[in-house]
Each structure stands twice: as C-alpha cells, then as structure tokens.
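A.B. asks: Take this structure first; my questions come after.
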Amino acid sequence: MEPKVSVIIPNYNYSRFLEDRIESVLGQTFQDFEVILLDDCSTDDSVSVLDRYRSHPKVAAVVVNEENSGSPFQQWEKGLAMARGKYIWIAEADDFATDRFLERTVEAIESDEDVTLVKTMSELIDENGVKGAREYFEEYEPDGRIRIYDGNEFLRENMLRWNYCYNASMMLFRRDAWEALTEKPYLKMRYVGDWLFWGMLMAGHKIGDVSERLSSFRFHGHSVTDEAYTCSQSDAEVQIVLARFLDMLPADNSGKKFFMRYQFDKLLRRDKFSCIRTEIQRIDPDFGRRFKLSALKYPFYWIYKHLIWSVPGKASKREGMPRPLSIIEPHT
C-alpha cells in the first residue's frame, strides 16, 4: 500500500543536524509516511549518519550523489520523482519539526480537495537550536486555526511582496499538483526557486494556513538562504519570479502588472545593475520579450507608479492577509 505522505530530506554537509531532523520526522504522531534521504555529495560525515537509517522500516530510499548538483531544487526534483505519497513534505536537513507537523498539515490539506499546499508558521532558531535567532516574520500570534485562502489572492497580496512561504520545511503539498506543472523554471535557479515553486502550486487553486509554529527554521550563516542576501544571481532570480507571478495572475490585476513592468524596465536600464541584467539573460534569455518590457512604455509606467498606484508594504499582519474562504477551529 502506498504511503499517504512522502517525506524528502535533502542534505548537503549538515551531518551535525541530520539526526535531529530525521528523528523529528520519525517521531510524528501521524505515521502514514515514507522517508526518502538524499545527499548531494557531502564532504562531511553526512553519509555515515544516513547509513544508520538505511534499514529503518520508514526509509524507502537513501541516494547519495557522486557529484554535487549545484542546486537544491534539482535535489527536490529527484526526490519528487521517487515519491509514492499523495502528499509531499520537503523536510530540509538543517531544520526540525514538532511531532504534530504532519497531523495538522494533513488535516488542513484534506479539508478541501482544491487546497494544493499548506503552510504553517516557523520557530526561528540559531545553530544550537536556541529560539530567537531572528524576529518572527509574522507579526501576529498563532491561534491554532486553519485558514483556507484563494490561491490567486494569496499570490497577489502576499507572494508579490516577499516569499511568505519562507521556510520549505513548513510546507506540505499535493504530489499531483507538482505533476501538473507543464514547465519548471525553478530548476534553473539556486536561491529563490522555492518562492516560484510555491506560487506556481497555489495559482488557480487554494492554500491552507495552519496558525501554529510546527517547524523550526535554523539560521546558522552557511545556508543557501544566507548566501542569497549578497548575491546578484539571487537579485536576478527575484525579478524573474515576480514577473512570472504577474504573468500567472488574472487579467484584472493589470494595474499591479503595469507597475511591476515599470520596475523591471527601470532595473534593466540602469548601468549599476548590469550584473543583474547578465544573470537574468543567463537564466531566462527570453525574459524581456515574454513579459512585454519596452523602453517606449517607460514614461507610462513612471506615471502609473508615481501618480496612480502606491506600493503596499509587506503583508505580515493578519489584517494584511486576504479574507479567508473558510476557518477551521482547533481541536479542544
């Protein structure tokens, strides 16, 4: 019988965190899952840690690359191709979870057949697992409720501002939603491919939000997330993600599309961002034509941005979220 959930644990040089991560998965209150362990040619003793779990009944596969793939999203894809579960949890090797993560997220995703992915909240921890590594991304307190949102509204109101699905380990999604993707531009990215991936899954569907800190997101200064803050490739990838989101949104969002095209043209015309332009062309050579960027339209973009539309801030407060389609109260 196929498991309900496939848990993919991609690892690269995180041997010091691996045991905590794997044990936090094996200790879930919801036990209908398989585990797929992946290593991207680590140079530490990660493989020896993984070897200890090869014979565990929950472990379906242990795959060690002979060469590094260069992208975490290539590893995601490898794990997804092996997965048998109806739902997927990509449990990053340097994070860990509470024992009720799967119990609550499976409850949320099964509450509505059109929900393609579910997010929770994350505890932010440092290298030693101590809470308070950074300020919480959300400015509201968890209340245990499950809120179901329209995917297009969530994409427009939240994902255009920043990656509201900021920790891959706090996400659960349907495997068939991934299988339905006709193109996979995130595979060419290194830094923000997850942002694009979540947006592509929610567009035209629904997203569930479990208001509970069920994942612990570790900041230790050596992750791809940390590297992204100082990298021109990351900046270029962000521009591509935003453009694709605007292209996915319905036509009634033309105002925001108009503004963002102004932003793209402004970015691509400035000499100081030549390195970003180069990266965009490398990742997506057809970027300008596909998103209808044109210097002739630039004055109109400027007028719209400065005289008609004001840019909203980050939607971190509950009041900034879209109105939920439904709310499921926590169990008493």
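By order in the structure tokens, chains are A, B, ...; within a chain, residues start at 1; ligands start at 1, following the order shown.
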Can you list, as an MDAnalysis selection string, every residue of range 59-260 of chain A that DSSP puts in strand (DSSP E or B)?

C.D. replies: chainID A and resid 59:64 87:90 96:97 115:125 131 146:150 171:174 206:218

A.B. asks: Please, could you write that set of residues out with N, CA and C atoms as a short mmCIF file (atom, residue, chain, number, x, y, z; two decimals), in the first residue's frame?

C.D. replies:
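See out12.cif below for the written result:
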data_model
loop_
_atom_site.label_atom_id
_atom_site.label_comp_id
_atom_site.auth_asym_id
_atom_site.auth_seq_id
_atom_site.Cartn_x
_atom_site.Cartn_y
_atom_site.Cartn_z
N VAL A 59 12.18 4.19 5.99
CA VAL A 59 13.08 4.73 4.97
C VAL A 59 12.93 3.94 3.68
N ALA A 60 12.43 4.61 2.65
CA ALA A 60 12.21 3.95 1.35
C ALA A 60 13.44 3.96 0.48
N ALA A 61 14.31 4.98 0.66
CA ALA A 61 15.50 5.09 -0.20
C ALA A 61 16.53 6.00 0.44
N VAL A 62 17.79 5.69 0.19
CA VAL A 62 18.92 6.56 0.54
C VAL A 62 19.73 6.72 -0.73
N VAL A 63 19.82 7.94 -1.25
CA VAL A 63 20.51 8.19 -2.52
C VAL A 63 21.61 9.22 -2.29
N VAL A 64 22.84 8.84 -2.64
CA VAL A 64 24.00 9.73 -2.46
C VAL A 64 24.56 10.08 -3.84
N TYR A 87 0.85 13.17 -0.69
CA TYR A 87 1.32 14.49 -0.25
C TYR A 87 2.84 14.45 -0.05
N ILE A 88 3.45 15.62 -0.18
CA ILE A 88 4.91 15.73 -0.10
C ILE A 88 5.31 16.72 0.99
N TRP A 89 6.28 16.33 1.80
CA TRP A 89 6.91 17.22 2.78
C TRP A 89 8.40 17.23 2.49
N ILE A 90 8.92 18.39 2.05
CA ILE A 90 10.36 18.54 1.86
C ILE A 90 10.93 19.06 3.18
N PHE A 96 14.07 21.18 11.91
CA PHE A 96 13.36 20.06 12.52
C PHE A 96 11.93 20.51 12.81
N ALA A 97 11.09 19.57 13.28
CA ALA A 97 9.67 19.86 13.42
C ALA A 97 9.13 19.34 14.74
N VAL A 115 -7.28 22.51 -2.16
CA VAL A 115 -6.09 23.02 -1.49
C VAL A 115 -4.89 22.23 -2.02
N THR A 116 -3.98 22.92 -2.68
CA THR A 116 -2.82 22.23 -3.27
C THR A 116 -1.60 22.26 -2.36
N LEU A 117 -1.55 23.23 -1.43
CA LEU A 117 -0.43 23.27 -0.50
C LEU A 117 -0.87 23.91 0.81
N VAL A 118 -0.14 23.58 1.86
CA VAL A 118 -0.44 24.07 3.20
C VAL A 118 0.85 24.59 3.80
N LYS A 119 0.76 25.74 4.47
CA LYS A 119 1.90 26.30 5.19
C LYS A 119 1.58 26.37 6.68
N THR A 120 2.62 26.32 7.48
CA THR A 120 2.46 26.54 8.91
C THR A 120 3.27 27.79 9.27
N MET A 121 3.53 28.01 10.53
CA MET A 121 4.46 29.04 10.99
C MET A 121 5.73 28.34 11.47
N SER A 122 6.82 29.09 11.52
CA SER A 122 8.09 28.50 11.94
C SER A 122 8.67 29.20 13.16
N GLU A 123 9.27 28.39 14.01
CA GLU A 123 10.11 28.92 15.09
C GLU A 123 11.46 29.21 14.48
N LEU A 124 12.06 30.38 14.78
CA LEU A 124 13.36 30.73 14.22
C LEU A 124 14.43 30.45 15.27
N ILE A 125 15.39 29.60 14.91
CA ILE A 125 16.39 29.15 15.87
C ILE A 125 17.80 29.39 15.32
N LYS A 131 15.97 29.36 20.47
CA LYS A 131 14.96 30.22 19.87
C LYS A 131 15.41 31.68 19.90
N ILE A 146 -6.96 26.84 11.28
CA ILE A 146 -6.59 26.60 9.88
C ILE A 146 -7.42 27.53 9.03
N ARG A 147 -6.77 28.35 8.23
CA ARG A 147 -7.47 29.27 7.34
C ARG A 147 -7.21 28.84 5.90
N ILE A 148 -8.25 28.83 5.10
CA ILE A 148 -8.16 28.47 3.69
C ILE A 148 -8.31 29.74 2.87
N TYR A 149 -7.36 30.00 1.98
CA TYR A 149 -7.35 31.21 1.16
C TYR A 149 -7.44 30.86 -0.32
N ASP A 150 -8.00 31.79 -1.09
CA ASP A 150 -7.93 31.69 -2.54
C ASP A 150 -6.47 31.86 -2.97
N MET A 171 6.10 23.47 4.77
CA MET A 171 5.12 23.30 3.69
C MET A 171 4.78 21.82 3.45
N LEU A 172 3.52 21.56 3.15
CA LEU A 172 3.06 20.26 2.68
C LEU A 172 2.27 20.50 1.40
N PHE A 173 2.48 19.69 0.36
CA PHE A 173 1.77 19.93 -0.90
C PHE A 173 1.38 18.62 -1.57
N ARG A 174 0.46 18.73 -2.52
CA ARG A 174 -0.01 17.56 -3.26
C ARG A 174 0.98 17.18 -4.36
N LYS A 206 -6.18 26.73 -4.08
CA LYS A 206 -6.33 27.27 -2.74
C LYS A 206 -5.10 26.91 -1.91
N ILE A 207 -4.84 27.70 -0.87
CA ILE A 207 -3.74 27.43 0.04
C ILE A 207 -4.27 27.39 1.46
N GLY A 208 -3.79 26.43 2.25
CA GLY A 208 -4.16 26.34 3.65
C GLY A 208 -3.07 26.93 4.53
N ASP A 209 -3.45 27.59 5.61
CA ASP A 209 -2.51 28.22 6.53
C ASP A 209 -2.82 27.76 7.94
N VAL A 210 -1.91 26.95 8.52
CA VAL A 210 -2.08 26.47 9.89
C VAL A 210 -1.37 27.46 10.81
N SER A 211 -2.12 28.14 11.65
CA SER A 211 -1.56 29.18 12.51
C SER A 211 -0.95 28.55 13.77
N GLU A 212 0.18 27.91 13.57
CA GLU A 212 0.88 27.23 14.66
C GLU A 212 2.34 27.05 14.24
N ARG A 213 3.27 27.24 15.17
CA ARG A 213 4.70 27.08 14.86
C ARG A 213 5.07 25.60 14.96
N LEU A 214 4.99 24.92 13.84
CA LEU A 214 5.19 23.48 13.80
C LEU A 214 6.53 23.08 13.21
N SER A 215 7.27 24.05 12.64
CA SER A 215 8.59 23.80 12.07
C SER A 215 9.59 24.73 12.75
N SER A 216 10.83 24.30 12.88
CA SER A 216 11.90 25.15 13.38
C SER A 216 12.88 25.42 12.25
N PHE A 217 13.04 26.68 11.91
CA PHE A 217 13.85 27.16 10.78
C PHE A 217 15.18 27.63 11.34
N ARG A 218 16.26 26.92 10.96
CA ARG A 218 17.57 27.18 11.55
C ARG A 218 18.38 28.20 10.73
#

A.B. asks: Would you pick out the contacts of range 17-28 of chain A at 9 Å or less, using only C-alpha atoms, so that residues sharing its chain but fewer than 3 positions from it are not included, and give the list as a list in words?

C.D. replies: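 Here the qualifying residues turn out to be Val7, Ile9, Asn11, Tyr14, Gln31, Val35, Ser46, Val49, Leu50, Tyr53, Lys58, Ala91, Glu92, Ala93, Asp94, Asp95, Phe96, Ala97, Thr98, Asp99, Arg100, Phe101, Leu102, Glu103 and Glu127 of chain A.
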
A.B. asks: Expressed in Å to a single decimal, how great is the separation between CA of Ile240 in chain A and CA of Gln74 in chain A?

C.D. replies: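 The value is 18.2 Å.
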
A.B. asks: How many Å separate CA of Pro330 in chain A from CA of Ala203 in chain A?

C.D. replies: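 For CA of Pro330 in chain A relative to CA of Ala203 in chain A, the distance reads 26.6 Å.
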
A.B. asks: Using only C-alpha atoms for the distances, tell me which of A:Ser111, A:Gln239, A:Asn128, A:Thr29 is nearest to Ile328 in chain A.

C.D. replies: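 Among A:Ser111, A:Gln239, A:Asn128, A:Thr29, it is A:Ser111 that comes nearest to Ile328 in chain A.
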
A.B. asks: Can you tell me which residues surround Gly85 in chain A at a distance of at most 8 Å, considering only C-alpha atoms, apart from same-chain residues fewer than 4 positions away, and format the answer as a ChimeraX atom specification?

C.D. replies: /A:2-6,33-34,175

A.B. asks: So which bits of range 68-249 of chain A end up helix (DSSP H, G or I) when you DSSP the backbone, as JSON, numbers by chain?

C.D. replies: {"A": [72, 73, 74, 75, 76, 77, 78, 79, 80, 81, 82, 101, 102, 103, 104, 105, 106, 107, 108, 109, 151, 152, 153, 154, 155, 156, 157, 158, 159, 168, 169, 170, 175, 176, 177, 178, 179, 185, 186, 187, 188, 193, 194, 195, 196, 197, 198, 199, 200, 201, 202, 224, 225, 226, 227, 228, 232, 233, 234, 235, 236, 237, 238, 239, 240, 241, 242, 243, 244, 245, 246, 247, 248]}

A.B. asks: What gap, in Å, lies between CA of Asp44 in chain A and CA of Ser69 in chain A?

C.D. replies: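 So the answer is 16.4 Å.
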
A.B. asks: Restricting the calculation to only C-alpha atoms: of A:Ser169, A:Ser71, A:Arg52, A:Asp32, which residue gets closest to Met1 in chain A?

C.D. replies: A:Asp32

A.B. asks: Between A:Tyr186, A:Trp178, A:Phe219, A:Phe245, single out the one closest to Trp162 in chain A, counting only C-alpha atoms.

C.D. replies: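 Result for the nearest residue to Trp162 in chain A: A:Phe245.
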
A.B. asks: Counting only C-alpha atoms, figure out which residue out of A:Pro142, A:Pro72, A:Pro324, A:Gly204 gets nearest to Leu187 in chain A.

C.D. replies: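 That would be A:Pro72, the residue with the smallest distance to Leu187 in chain A.
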
A.B. asks: Taking only C-alpha atoms into account, which of A:Glu138, A:Gly288, A:Leu242, A:Ala83 comes nearest Tyr164 in chain A?

C.D. replies: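 Ranking A:Glu138, A:Gly288, A:Leu242, A:Ala83 by distance to Tyr164 in chain A, first place goes to A:Glu138.
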